[in-house]
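Visitor: Quick one: this structure, given as structure tokens, is what I'll be asking you about.
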There are 6 protein chains.
Amino acid sequence: MKELEHIVNLLAEEGSYASLFHRCTRGEPLPSVPDLKEIVKLCRSVIFPGYFGVSTTDSASLRYHIGVSVERLYALLTSQIHAGLSFNCDCRDTSHPEAARDMARQFIERLPQLRAALADDVRAIFDGDPAAENIAEVISCYPSVRAVSSYRIAHALLEMGVPLIPRAISELAHGETGVDIHPGATIGSRFAIDHGTGVVIGATCIIGNNVKIYQGVTLGARSFPLDDATGLPVKGIPRHPIIGDNVIIYSNATILGRVTIGDGATVGANVWLTHDVAPGATIYK
Amino acid sequence: MKELEHIVNLLAEEGSYASLFHRCTRGEPLPSVPDLKEIVKLCRSVIFPGYFGVSTTDSASLRYHIGVSVERLYALLTSQIHAGLSFNCDCRDTSHPEAARDMARQFIERLPQLRAALADDVRAIFDGDPAAENIAEVISCYPSVRAVSSYRIAHALLEMGVPLIPRAISELAHGETGVDIHPGATIGSRFAIDHGTGVVIGATCIIGNNVKIYQGVTLGARSFPLDDATGLPVKGIPRHPIIGDNVIIYSNATILGRVTIGDGATVGANVWLTHDVAPGATIYK
Amino acid sequence: MKELEHIVNLLAEEGSYASLFHRCTRGEPLPSVPDLKEIVKLCRSVIFPGYFGVSTTDSASLRYHIGVSVERLYALLTSQIHAGLSFNCDCRDTSHPEAARDMARQFIERLPQLRAALADDVRAIFDGDPAAENIAEVISCYPSVRAVSSYRIAHALLEMGVPLIPRAISELAHGETGVDIHPGATIGSRFAIDHGTGVVIGATCIIGNNVKIYQGVTLGARSFPLDDATGLPVKGIPRHPIIGDNVIIYSNATILGRVTIGDGATVGANVWLTHDVAPGATIYK
Amino acid sequence: MKELEHIVNLLAEEGSYASLFHRCTRGEPLPSVPDLKEIVKLCRSVIFPGYFGVSTTDSASLRYHIGVSVERLYALLTSQIHAGLSFNCDCRDTSHPEAARDMARQFIERLPQLRAALADDVRAIFDGDPAAENIAEVISCYPSVRAVSSYRIAHALLEMGVPLIPRAISELAHGETGVDIHPGATIGSRFAIDHGTGVVIGATCIIGNNVKIYQGVTLGARSFPLDDATGLPVKGIPRHPIIGDNVIIYSNATILGRVTIGDGATVGANVWLTHDVAPGATIYK
Amino acid sequence: MKELEHIVNLLAEEGSYASLFHRCTRGEPLPSVPDLKEIVKLCRSVIFPGYFGVSTTDSASLRYHIGVSVERLYALLTSQIHAGLSFNCDCRDTSHPEAARDMARQFIERLPQLRAALADDVRAIFDGDPAAENIAEVISCYPSVRAVSSYRIAHALLEMGVPLIPRAISELAHGETGVDIHPGATIGSRFAIDHGTGVVIGATCIIGNNVKIYQGVTLGARSFPLDDATGLPVKGIPRHPIIGDNVIIYSNATILGRVTIGDGATVGANVWLTHDVAPGATIYK
Amino acid sequence: MKELEHIVNLLAEEGSYASLFHRCTRGEPLPSVPDLKEIVKLCRSVIFPGYFGVSTTDSASLRYHIGVSVERLYALLTSQIHAGLSFNCDCRDTSHPEAARDMARQFIERLPQLRAALADDVRAIFDGDPAAENIAEVISCYPSVRAVSSYRIAHALLEMGVPLIPRAISELAHGETGVDIHPGATIGSRFAIDHGTGVVIGATCIIGNNVKIYQGVTLGARSFPLDDATGLPVKGIPRHPIIGDNVIIYSNATILGRVTIGDGATVGANVWLTHDVAPGATIYK
């Protein structure tokens with residue numbers, strides 16, 4: 001090991017990692033992948049009792065399991081939201097612990113709505129897929145249930161203003177399912193993704209109700225206005241598609257830019273689209 | 001936590017989860033992701049000795065390892081097949097434990113054939129890929145070996161009539177490799193997938209011998225006949241392509257519907273196909 | 001279990017696994033997926049302090065963490081390089097342990113350069129993505145940071161002549177991110193992949209500086225010259241694209257064969273390309 | 001390994017292990033040390049909330065934790081009692097699962113009494129030890145709390161007629177604390193052991209209320225009547241001391257045989273006693 | 001489970017656990033057995049490099065390991081001292097986190113002295129035991145090294161005024177070794193315990209230098225003055241023996257009360273002593 | 001952490017740990033407590049099939065389990081014997097790996113004898129204890145089975161000349177059971193310990209057949225001849241008792257020095273003995 005001491009010294013020189021180092025200043029919690037995975041698992045287990053971890057023999061004991069899961073979720077979420085609030089903040093804002101606890105509470109109060117929304121998504125997947133044999137198969141096997149549940153969790157956190165954590169949750173689902181939905185996207189009810197691998201849904205997408213998307217579909221940006229001063233893309237501008245209600249988009253289709261796909265339209269596989277589509281239209285080329 | 005008790009109560013109300021709850025009635029085993037992962041790992045370790053877990057110094061002790069693995073596989077498979085048989089069944093059919101044990105035994109009796117089939121698949125991958133340096137690299141590194149071994153396992157279970165478990169196994173491989181092969185598909189010998197991410201092979205596909213497929217290829221359904229009564233897709237109708245022997249399909253090609261790709265045909269990258277292709281033809285657009 | 005003894009006997013017959021069995025001859029270490037995962041994690045933790053495992057309160061203690069990580073990395077790398085050197089070698093070459101230790105040392109001496117290269121990659125991703133809010137988000141959430149760091153690690157090992165291990169590392173990253181970069185590819189500085197799922201970069205690709213690639217892009221081979229004697233593809237021939245500096249390639253584009261994409265060119269989404277592209281050109285069809 | 005195959009054969013010959021082998025006949029559960037440890041931990045956590053695992057912020061959520069713990073305890077106990085009932089039984093008695101479930105339920109119904117009894121034991125330890133600073137220290141640190149709680153659990157199971165499991169639980173506590181209380185002993189309320197290592201309390205001991213015992217005390221048997229036929233000790237005969245109320249026995253004292261130590265007596269350290277002691281007497285030699 | 005709901009309700013009634021429940025009020029850390037075990041392990045690993053976890057190839061890398069261990073120890077100790085300060089305190093004293101950090105720092109600053117003291121203890125054991133073959137055997141195998149190192153750690157914490165935690169550490173060592181040394185005892189240099197099981201050393205003992213004690217020795221209290229008001233023992237009074245320098249006490253000897261054993265005295269096995277012993281005396285009966 | 005850097009520096013100064021540091025010189029394996037625990041567990045599982053880990057449904061599969069266990073045992077033992085041979089050896093003796101492998105093989109060849117000896121021990125315990133209900137209870141619950149099996153394992157290794165490892169194994173059993181049997185002791189067949197806590201059997205003890213010992217019994221040394229030169233005890237001299245056949249020694253008896261207890265003698269509880277005892281005698285005082 002003596003022979004490698006000079007490399008340790010090089011790697012430990014502050015100049016060599018200055019642009020990369022994350023320094024924690026006052027003992028705040030750090031974003032933690034295991035904790036985020038457990039948060040997602042707890043949410044799924046509470047939302048889909050009997051499938052993701054809360055399995056039990058009767059409804060009497062289900063209440064105990066939900067109670068314990070919610071308490072654990074409360075603690076982990078408070079800590080991870082605190083971590084998100086502090087991660088890029090030098091200001092030593094002492095309101096973070098209180099704010100984090102408050103946001104965690106608000107998120108948990110939305111769990112019944114999340115359950116209702118995901119029940120609709122599951123139903124839509126089952127209704128639209130001739131290969132799905134029953135609801136149980138959809139909930140326990142379909143990656144889109146995991147992708148969409150993580151999206152709805154991350155989106156709810158982003159709406160409350162939690163930094164970093166929503167993106168981290170969506171990337172965990174991306175790694176798990178190959179489906180990359182930015183938590184900033186707005187997605188209506190009864191949303192179905194089939195197969196899913198390679199789907200990308202950008203941060204400013206707006207998607208209506210009853211939309212179905214197949215594997216490899218990109219709802220992306222076309223080009224980014226550059227900032228005059230820096231020459232870099234301007235952040236935060238609406239740049240992804242608006243998808244109407246009842247739209248179907250087949251596999252590997254690519255739709256780029258702030259275009260509008262009208263209600264009831266169908267977009268064929270491998271199509272490349274950078275313009276609006278009228279309601280009810282079918283685009284195969 | 002007091003402040004969240006009303007949410008626990010809401011979430012534990014039977015009405016709010018009725019459509020989602022999986023209730024186990026009589027202490028049957030539950031489908032278990034860790035157990036299914038172990039089943040797949042045990043199969044792979046027995047089929048490819050020296051690569052996936054059964055590693056040993058000589059052929060004398062290999063027999064002991066295979067014996068222990070087979071015994072464990074027998075127990076886990078019996079339990080998971082039992083879980084599959086019971087998962088959507090209210091009838092309290094008392095024949096399940098016996099039937100599960102019987103099916104597990106039949107499956108294990110097919111392991112020598114599965115090994116022979118996968119040895120052919122491995123050879124085909126090696127023969128067709130200029131980047132593969134030796135068989136060891138193919139077995140230990142190529143995701144298609146994992147995807148196709150899980151498919152052949154899941155297909156064998158589906159053929160015996162095991163519910164739910166085959167789909168769960170194929171989705172585990174989907175998450176692991178990005179390759180989504182429905183266990184209902186029929187696939188011939190010497191099947192090679194290269195790179196693999198984004199490949200989708202539908203439930204009623206029929207694929208010949210010596211076929212090679214690249215990443216992003218979809219063998220999907222075009223449209224589904226709707227049931228007059230429910231307005232939903234009719235389940236179980238043949239709706240995916242038939243691929244002949246010696247066919248090559250390049251990356252991101254999409255072939256939809258009950259079309260036939262003739263023996264020896266070649267389908268180019270990014271092609272979108274919804275009609276038959278003659279034997280020996282080459283389709284680039 | 002008695003009823004399955006004949007199957008154990010069949011599976012343990014040497015003839016039945018001869019083409020598949022990996023036999024270790026003299027107690028050399030075996031390639032180990034958990035060890036390789038730890039190697040990648042240690043490299044990332046040393047390169048990006050504060051993000052992947054080495055998290056600490058101040059720069060004083062950072063040195064200790066880096067020292068411990070480097071020592072552990074040295075031991076694991078030596079063992080895994082030894083495993084790679086021995087895996088396909090019957091020659092009982094007694095120089096392997098020494099050679100492995102030497103290569104591990106050389107690799108660790110390149111860590112400062114790897115850190116500098118990856119810092120540039122991270123900066124390039126941040127500069128080019130309007131959705132990226134800060135460097136911390138890029139390092140901790142973006143799968144391309146994981147894919148490209150694993151590529152740069154695997155490429156460095158391949159350059160030293162380590163067999164098998166580089167491919168195993170790149171397939172781990174493929175499974176983690178859906179991005180499949182062959183360690184043989186040559187990639188310049190400030191390399192950015194966005195979203196990433198389904199990207200394939202072949203073994204003989206040469207990619208310039210400041211290149212950006214989106215999800216589903218294939219830089220592949222078109223056809224392989226067959227060996228006259230065996231009828232199988234000739235191994236090792238340059239067969240993948242050369243990409244110039246400052247090129248952008250949009251989602252699901254497929255570029256096949258030893259073609260050259262000139263500096264500053266743009267390739268649109270879903271394009272299928274098998275010919276050269278002039279510098280500065282834009283190809284949308 | 002080849003060189004050891006003959007030893008494996010020797011060790012696997014039925015004759016060589018016939019007297020030692022435990023054969024499970026019909027898939028019944030086996031006694032499991034990890035499961036028994038978890039059973040004891042669950043009992044302690046329910047009895048002493050906030051100390052052994054059920055730690056929580058308020059009494060609202062305590063109910064959820066107790067509910068989940070009791071459900072888990074019910075399942076584990078049922079399985080381990082079933083294992084105990086089957087372990088030495090060739091009769092294939094099909095009533096075991098039902099009986100086990102019934103006994104587990106009865107045991108759980110006794111938990112409130114067990115809590116009350118252990119609260120008295122804790123209080124007695126605190127009252128009698130000048131080194132104990134508060135109740136919290138006694139519950140969380142004193143080995144006698146662990147020894148006596150395991151005894152009271154094991155004794156309750158033995159009273160219901162559960163075979164093997166009570167002894168296994170008492171030996172786990174013996175290993176944990178150095179205190180060996182046979183579950184067959186009868187022990188009154190407010191029982192205190194100080195330090196505890198080396199204490200042995202035999203199977204037919206009867207101990208009154210408010211007794212205090214120090215480390216190394218043996219309450220053992222003196223000699224065993226031998227069976228005429230076998231020449232071995234007759235099993236099941238009362239052969240251990242009867243200890244009255246309010247007795248104190250100091251360290252390393254040994255009391256052997258079916259003698260009676262009267263109420264309020266004191267037995268000094270290192271004393272060896274094989275005769276009755278009058279109420280209120282003090283024995284120092 | 002329905003049939004056990006009434007028991008859950010009984011067990012969750014506040015009245016039934018009021019005297020036992022530990023309620024945490026404001027999110028302070030709890031005393032944690034795993035954390036305390038890790039604290040002891042870290043101390044031992046830093047004090048005895050190469051034996052308890054910090055094992056390394058050379059003295060260059062030893063510094064890194066010690067640095068990482070000390071940082072981890074600092075964090076865990078701060079948290080556990082905080083837990084100890086808060087455990088029995090309703091006053092919501094906001095100075096606890098600061099005080100805990102300060103005490104943890106002071107403790108770490110004493111590690112070099114602890115190492116020197118323990119090196120002397122190890123030497124004394126080796127010098128006095130004809131069965132000890134070398135220092136390595138003593139450090140790695142002898143339970144007295146574990147018992148005495150835990151005592152010296154716990155005693156240092158008690159001296160700083162840390163509540164509860166020192167007792168918890170000494171009871172962990174008691175469970176591990178059968179040796180029960182109260183952290184309040186005062187013990188000189190070169191302290192040797194042989195075999196150790198059953199040794200008890202009370203809270204107000206004072207032991208000189210170069211003392212050797214065998215298994216089963218009790219240095220205990222004789223009787224406790226009772227408080228007039230409560231009838232319970234008065235806490236905190238000196239009540240255990242004073243042992244001079246160079247004393248040997250053989251196995252199972254019991255010495256009770258505030259007696260003084262003079263320098264150089266020898267106490268034989270199984271002796272029961274409640275009076276002073278002159279310097280140099282030998283007591284065999 | 002900055003505030004503790006000076007302590008890290010002090011602790012890392014070579015002078016401060018010189019007498020304590022274990023330096024590994026050439027990458028030899030280190031003695032490992034987890035590996036030694038697994039070695040003991042493997043031995044017990046092979047010797048007592050169905051009790052300690054090898055549990056299986058029939059004798060057909062038992063052979064596979066024993067084969068796998070023996071292979072694992074071979075590898076671990078080779079490595080730990082190598083560690084023992086190297087631990088106190090500066091000579092860089094290159095014969096260690098070969099010698100270790102040879103000794104491990106010899107040990108495994110003695111497993112059938114060890115099984116036979118332990119079967120006799122188990123039988124003797126059962127025959128002599130009125131509380132033992134069946135052989136299964138003795139094997140699975142009695143700590144003496146664990147203590148004596150570890151002794152017989154450690155003794156066999158010591159006889160072959162393995163350094164350090166036998167003592168480490170006996171101290172693990174000491175911690176597990178409170179029974180401290182030095183591996184150097186010689187113990188005949190049908191050896192029974194009851195309860196066991198506090199038993200100490202010294203390195204040069206010789207114990208006959210059919211001996212029974214109770215808790216707290218010491219078979220120790222009386223005084224050690226001192227070396228003229230060093231003033232320290234001379235190592236290796238016979239100094240512990242010789243116990244004849246059919247002897248019973250009751251709880252807490254202490255027998256010191258090279259005395260002989262004649263065949264068939266009985267030693268009462270708490271007796272202190274430093275002289276010979278005639279065959280058949282009974283000593284109660």
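In the structure tokens, chains take the letters A, B, ... in the order shown, each chain's residues start at 1, and ligands count up from 1 in the order shown.
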Counting only C-alpha atoms, what are the residues of chain E within 7 Å of chain C, and for each of them which pair of atoms is the nearest and at what distance in Å, to one decimal? Sort the table by chain and rising number, as a tab-separated table.

Guide:
```
residue	atom	partner	partner_atom	distance
E:Ser61	CA	C:Gly67	CA	6.7
E:Tyr64	CA	C:Tyr64	CA	4.1
E:His65	CA	C:Val68	CA	6.0
E:Gly67	CA	C:Tyr64	CA	5.4
E:Val68	CA	C:Tyr64	CA	5.7
```

Visitor: Identify all residues of stretch 41-140 of chain F in helix (DSSP H, G or I) (DSSP on the backbone) and supply them as a PyMOL selection string.

Guide: chain F and resi 41-47+59-87+96-109+111-128+135-140

Visitor: Would you put the residues from that selection into a file with C-alpha atoms, as a PDB file, in the first residue's frame?

Guide:
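Once written, result_37.pdb looks like this:
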```pdb
ATOM      1  CA  LYS F  41     -21.093 -25.025  12.509  1.00  0.00           C
ATOM      2  CA  LEU F  42     -20.154 -27.121   9.474  1.00  0.00           C
ATOM      3  CA  CYS F  43     -18.575 -29.793  11.659  1.00  0.00           C
ATOM      4  CA  ARG F  44     -21.629 -29.926  13.913  1.00  0.00           C
ATOM      5  CA  SER F  45     -23.970 -30.036  10.910  1.00  0.00           C
ATOM      6  CA  VAL F  46     -22.107 -32.955   9.345  1.00  0.00           C
ATOM      7  CA  ILE F  47     -21.817 -34.828  12.643  1.00  0.00           C
ATOM      8  CA  SER F  59     -31.144 -39.888   3.295  1.00  0.00           C
ATOM      9  CA  ALA F  60     -30.720 -39.640  -0.483  1.00  0.00           C
ATOM     10  CA  SER F  61     -30.215 -35.910  -0.361  1.00  0.00           C
ATOM     11  CA  LEU F  62     -28.256 -36.039   2.883  1.00  0.00           C
ATOM     12  CA  ARG F  63     -25.227 -37.211   0.888  1.00  0.00           C
ATOM     13  CA  TYR F  64     -25.360 -34.056  -1.263  1.00  0.00           C
ATOM     14  CA  HIS F  65     -25.526 -31.816   1.790  1.00  0.00           C
ATOM     15  CA  ILE F  66     -22.633 -33.583   3.451  1.00  0.00           C
ATOM     16  CA  GLY F  67     -20.604 -33.350   0.239  1.00  0.00           C
ATOM     17  CA  VAL F  68     -21.168 -29.613  -0.066  1.00  0.00           C
ATOM     18  CA  SER F  69     -20.461 -29.053   3.636  1.00  0.00           C
ATOM     19  CA  VAL F  70     -17.250 -31.059   3.518  1.00  0.00           C
ATOM     20  CA  GLU F  71     -16.020 -29.142   0.479  1.00  0.00           C
ATOM     21  CA  ARG F  72     -16.721 -25.812   2.183  1.00  0.00           C
ATOM     22  CA  LEU F  73     -15.126 -27.052   5.406  1.00  0.00           C
ATOM     23  CA  TYR F  74     -12.034 -28.111   3.482  1.00  0.00           C
ATOM     24  CA  ALA F  75     -11.586 -24.644   2.003  1.00  0.00           C
ATOM     25  CA  LEU F  76     -12.227 -22.753   5.243  1.00  0.00           C
ATOM     26  CA  LEU F  77     -10.080 -25.030   7.368  1.00  0.00           C
ATOM     27  CA  THR F  78      -7.196 -24.835   4.899  1.00  0.00           C
ATOM     28  CA  SER F  79      -7.347 -21.070   5.039  1.00  0.00           C
ATOM     29  CA  GLN F  80      -7.644 -20.825   8.833  1.00  0.00           C
ATOM     30  CA  ILE F  81      -4.907 -23.378   9.485  1.00  0.00           C
ATOM     31  CA  HIS F  82      -2.739 -21.390   7.080  1.00  0.00           C
ATOM     32  CA  ALA F  83      -3.589 -18.299   9.102  1.00  0.00           C
ATOM     33  CA  GLY F  84      -2.637 -20.048  12.323  1.00  0.00           C
ATOM     34  CA  LEU F  85       0.668 -21.299  10.903  1.00  0.00           C
ATOM     35  CA  SER F  86       1.574 -17.808   9.698  1.00  0.00           C
ATOM     36  CA  PHE F  87       0.321 -15.690  12.575  1.00  0.00           C
ATOM     37  CA  HIS F  96       2.436 -23.209   4.863  1.00  0.00           C
ATOM     38  CA  PRO F  97      -0.237 -23.436   2.145  1.00  0.00           C
ATOM     39  CA  GLU F  98       0.665 -27.056   1.375  1.00  0.00           C
ATOM     40  CA  ALA F  99       0.897 -27.983   5.054  1.00  0.00           C
ATOM     41  CA  ALA F 100      -2.416 -26.317   5.828  1.00  0.00           C
ATOM     42  CA  ARG F 101      -4.164 -28.211   3.052  1.00  0.00           C
ATOM     43  CA  ASP F 102      -2.690 -31.435   4.299  1.00  0.00           C
ATOM     44  CA  MET F 103      -3.784 -30.836   7.877  1.00  0.00           C
ATOM     45  CA  ALA F 104      -7.286 -29.858   6.788  1.00  0.00           C
ATOM     46  CA  ARG F 105      -7.550 -33.132   4.880  1.00  0.00           C
ATOM     47  CA  GLN F 106      -6.360 -35.117   7.884  1.00  0.00           C
ATOM     48  CA  PHE F 107      -8.866 -33.380  10.105  1.00  0.00           C
ATOM     49  CA  ILE F 108     -11.748 -34.181   7.757  1.00  0.00           C
ATOM     50  CA  GLU F 109     -10.679 -37.791   7.655  1.00  0.00           C
ATOM     51  CA  LEU F 111     -14.807 -36.658  11.199  1.00  0.00           C
ATOM     52  CA  PRO F 112     -16.302 -40.181  11.308  1.00  0.00           C
ATOM     53  CA  GLN F 113     -14.408 -40.848  14.563  1.00  0.00           C
ATOM     54  CA  LEU F 114     -15.509 -37.486  15.935  1.00  0.00           C
ATOM     55  CA  ARG F 115     -19.104 -38.381  15.136  1.00  0.00           C
ATOM     56  CA  ALA F 116     -18.784 -41.700  16.923  1.00  0.00           C
ATOM     57  CA  ALA F 117     -17.196 -40.068  19.988  1.00  0.00           C
ATOM     58  CA  LEU F 118     -19.846 -37.378  20.166  1.00  0.00           C
ATOM     59  CA  ALA F 119     -22.645 -39.935  19.761  1.00  0.00           C
ATOM     60  CA  ASP F 120     -21.256 -41.577  22.900  1.00  0.00           C
ATOM     61  CA  ASP F 121     -21.107 -38.253  24.729  1.00  0.00           C
ATOM     62  CA  VAL F 122     -24.726 -37.513  23.824  1.00  0.00           C
ATOM     63  CA  ARG F 123     -25.825 -40.937  25.006  1.00  0.00           C
ATOM     64  CA  ALA F 124     -23.978 -40.471  28.306  1.00  0.00           C
ATOM     65  CA  ILE F 125     -25.702 -37.124  28.914  1.00  0.00           C
ATOM     66  CA  PHE F 126     -29.102 -38.600  28.191  1.00  0.00           C
ATOM     67  CA  ASP F 127     -28.504 -41.652  30.374  1.00  0.00           C
ATOM     68  CA  GLY F 128     -27.409 -39.552  33.334  1.00  0.00           C
ATOM     69  CA  ILE F 135     -31.898 -37.660  22.467  1.00  0.00           C
ATOM     70  CA  ALA F 136     -33.279 -34.909  20.240  1.00  0.00           C
ATOM     71  CA  GLU F 137     -33.600 -32.554  23.210  1.00  0.00           C
ATOM     72  CA  VAL F 138     -30.037 -33.287  24.294  1.00  0.00           C
ATOM     73  CA  ILE F 139     -28.513 -32.639  20.856  1.00  0.00           C
ATOM     74  CA  SER F 140     -30.511 -29.545  20.061  1.00  0.00           C
TER      75      SER F 140
END
```

Visitor: Tell me which protein, DNA and RNA residues are within 7 Å of stretch 150-159 of chain F, counting only C-alpha atoms, leaving out same-chain ones fewer than 5 positions away, and put them as a ChimeraX atom specification.

Guide: /F:40,107,166,169-170,173,181,183-184

Visitor: Could you state the separation of atom CA of F:Ile255 and atom CA of F:Arg167 in Å, given to one decimal place?

Guide: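 We find that atom CA of F:Ile255 and atom CA of F:Arg167 lie 22.3 Å from each other.
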
Visitor: Could you please determine the separation between atom CA of C:Asn134 and atom CA of A:Thr204 in Å, to one decimal place?

Guide: 17.9 Å

Visitor: Could you tell me which of B:Gly244, B:Gly208, B:Gly257, B:Pro279 comes closest to B:Arg190 if we count only C-alpha atoms?

Guide: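 For B:Arg190, the nearest of the candidates is B:Gly208.
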
Visitor: Can you pull out every residue within 8 Å of C:Gly196, counting only C-alpha atoms, but drop anything in the same chain fewer than 4 positions away, and send it as a ChimeraX atom specification?

Guide: /C:143-144,177-179,213-216

Visitor: Atoms to include: N, CA and C atoms. Write the selected residues as a compact mmCIF listing (two decimals), in the first residue's frame.

Guide:
```
# COMPACT_ATOMS: atom_id res chain seq x y z
N PRO C 143 -28.36 8.69 -14.81
CA PRO C 143 -27.77 7.39 -15.13
C PRO C 143 -26.56 7.50 -16.04
N SER C 144 -26.48 8.56 -16.84
CA SER C 144 -25.34 8.65 -17.74
C SER C 144 -24.04 8.81 -16.95
N THR C 177 -28.32 0.81 -16.10
CA THR C 177 -28.73 2.05 -16.76
C THR C 177 -29.40 1.84 -18.11
N GLY C 178 -29.35 0.64 -18.68
CA GLY C 178 -29.86 0.43 -20.04
C GLY C 178 -28.93 0.96 -21.12
N VAL C 179 -27.76 1.44 -20.71
CA VAL C 179 -26.78 1.97 -21.67
C VAL C 179 -25.66 0.94 -21.84
N ILE C 213 -25.52 12.40 -26.99
CA ILE C 213 -26.30 11.29 -27.54
C ILE C 213 -27.55 11.10 -26.69
N TYR C 214 -28.68 10.85 -27.34
CA TYR C 214 -29.93 10.63 -26.61
C TYR C 214 -30.28 9.14 -26.54
N GLN C 215 -31.35 8.88 -25.80
CA GLN C 215 -31.81 7.50 -25.57
C GLN C 215 -32.04 6.75 -26.88
N GLY C 216 -31.77 5.46 -26.88
CA GLY C 216 -32.11 4.59 -28.00
C GLY C 216 -31.18 4.69 -29.19
```

Visitor: Have a look at atom CA of B:Ala229 and atom CA of A:Asn210 and let me know their distance in Å, one decimal.

Guide: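 That distance, rounded to one decimal, is 20.2 Å.
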
Visitor: Please list as a ChimeraX atom specification every residue within 10 Å of C:Glu176, counting only C-alpha atoms and excluding residues in the same chain fewer than 4 positions away.

Guide: /A:172,174-176,178 /B:175-178 /C:143,146-147,170-172,180,197

Visitor: So which residues touch C:Thr266 within 9 Å, counting only C-alpha atoms, skipping near sequence neighbours fewer than 3 positions away, as a short mmCIF file (atom, residue, chain, number, x, y, z; two decimals) with N, CA, C and O atoms, in the first residue's frame?

Guide:
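Output saved as part22.cif:
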```cif
data_model
loop_
_atom_site.label_atom_id
_atom_site.label_comp_id
_atom_site.auth_asym_id
_atom_site.auth_seq_id
_atom_site.Cartn_x
_atom_site.Cartn_y
_atom_site.Cartn_z
N ASN C 246 -18.26 17.63 -31.33
CA ASN C 246 -19.45 18.48 -31.30
C ASN C 246 -20.64 17.94 -32.08
O ASN C 246 -21.45 18.70 -32.61
N VAL C 247 -20.77 16.63 -32.14
CA VAL C 247 -21.91 16.01 -32.82
C VAL C 247 -23.04 15.79 -31.82
O VAL C 247 -22.80 15.50 -30.66
N ILE C 248 -24.30 15.97 -32.31
CA ILE C 248 -25.47 15.62 -31.50
C ILE C 248 -26.26 14.54 -32.24
O ILE C 248 -26.52 14.68 -33.44
N ILE C 249 -26.64 13.51 -31.56
CA ILE C 249 -27.43 12.44 -32.18
C ILE C 249 -28.69 12.23 -31.35
O ILE C 249 -28.62 11.86 -30.17
N TYR C 250 -29.86 12.49 -31.99
CA TYR C 250 -31.12 12.45 -31.24
C TYR C 250 -31.65 11.03 -31.07
O TYR C 250 -31.15 10.07 -31.68
N ILE C 261 -19.16 10.47 -39.15
CA ILE C 261 -20.07 11.61 -38.96
C ILE C 261 -19.17 12.80 -38.66
O ILE C 261 -18.49 12.83 -37.64
N GLY C 280 -20.83 19.52 -40.05
CA GLY C 280 -21.83 20.57 -39.96
C GLY C 280 -23.19 20.22 -40.53
O GLY C 280 -24.14 20.99 -40.37
N ALA C 281 -23.33 19.08 -41.18
CA ALA C 281 -24.61 18.73 -41.79
C ALA C 281 -25.66 18.39 -40.74
O ALA C 281 -25.33 18.04 -39.61
N THR C 282 -26.94 18.52 -41.18
CA THR C 282 -28.05 18.11 -40.32
C THR C 282 -28.87 17.07 -41.07
O THR C 282 -29.33 17.34 -42.17
N ILE C 283 -29.03 15.92 -40.49
CA ILE C 283 -29.74 14.82 -41.15
C ILE C 283 -31.03 14.54 -40.40
O ILE C 283 -30.98 14.14 -39.23
N TYR C 284 -32.16 14.79 -41.03
CA TYR C 284 -33.42 14.52 -40.33
C TYR C 284 -34.20 13.37 -40.93
O TYR C 284 -35.30 13.06 -40.51
#
```

Visitor: Tell me, which residues of stretch 74-225 of chain A carry DSSP strand (DSSP E), written as a VMD selection string?

Guide: chain A and resid 180 to 181 186 to 187 192 to 194 200 to 201 206 to 207 212 to 214 218 to 220
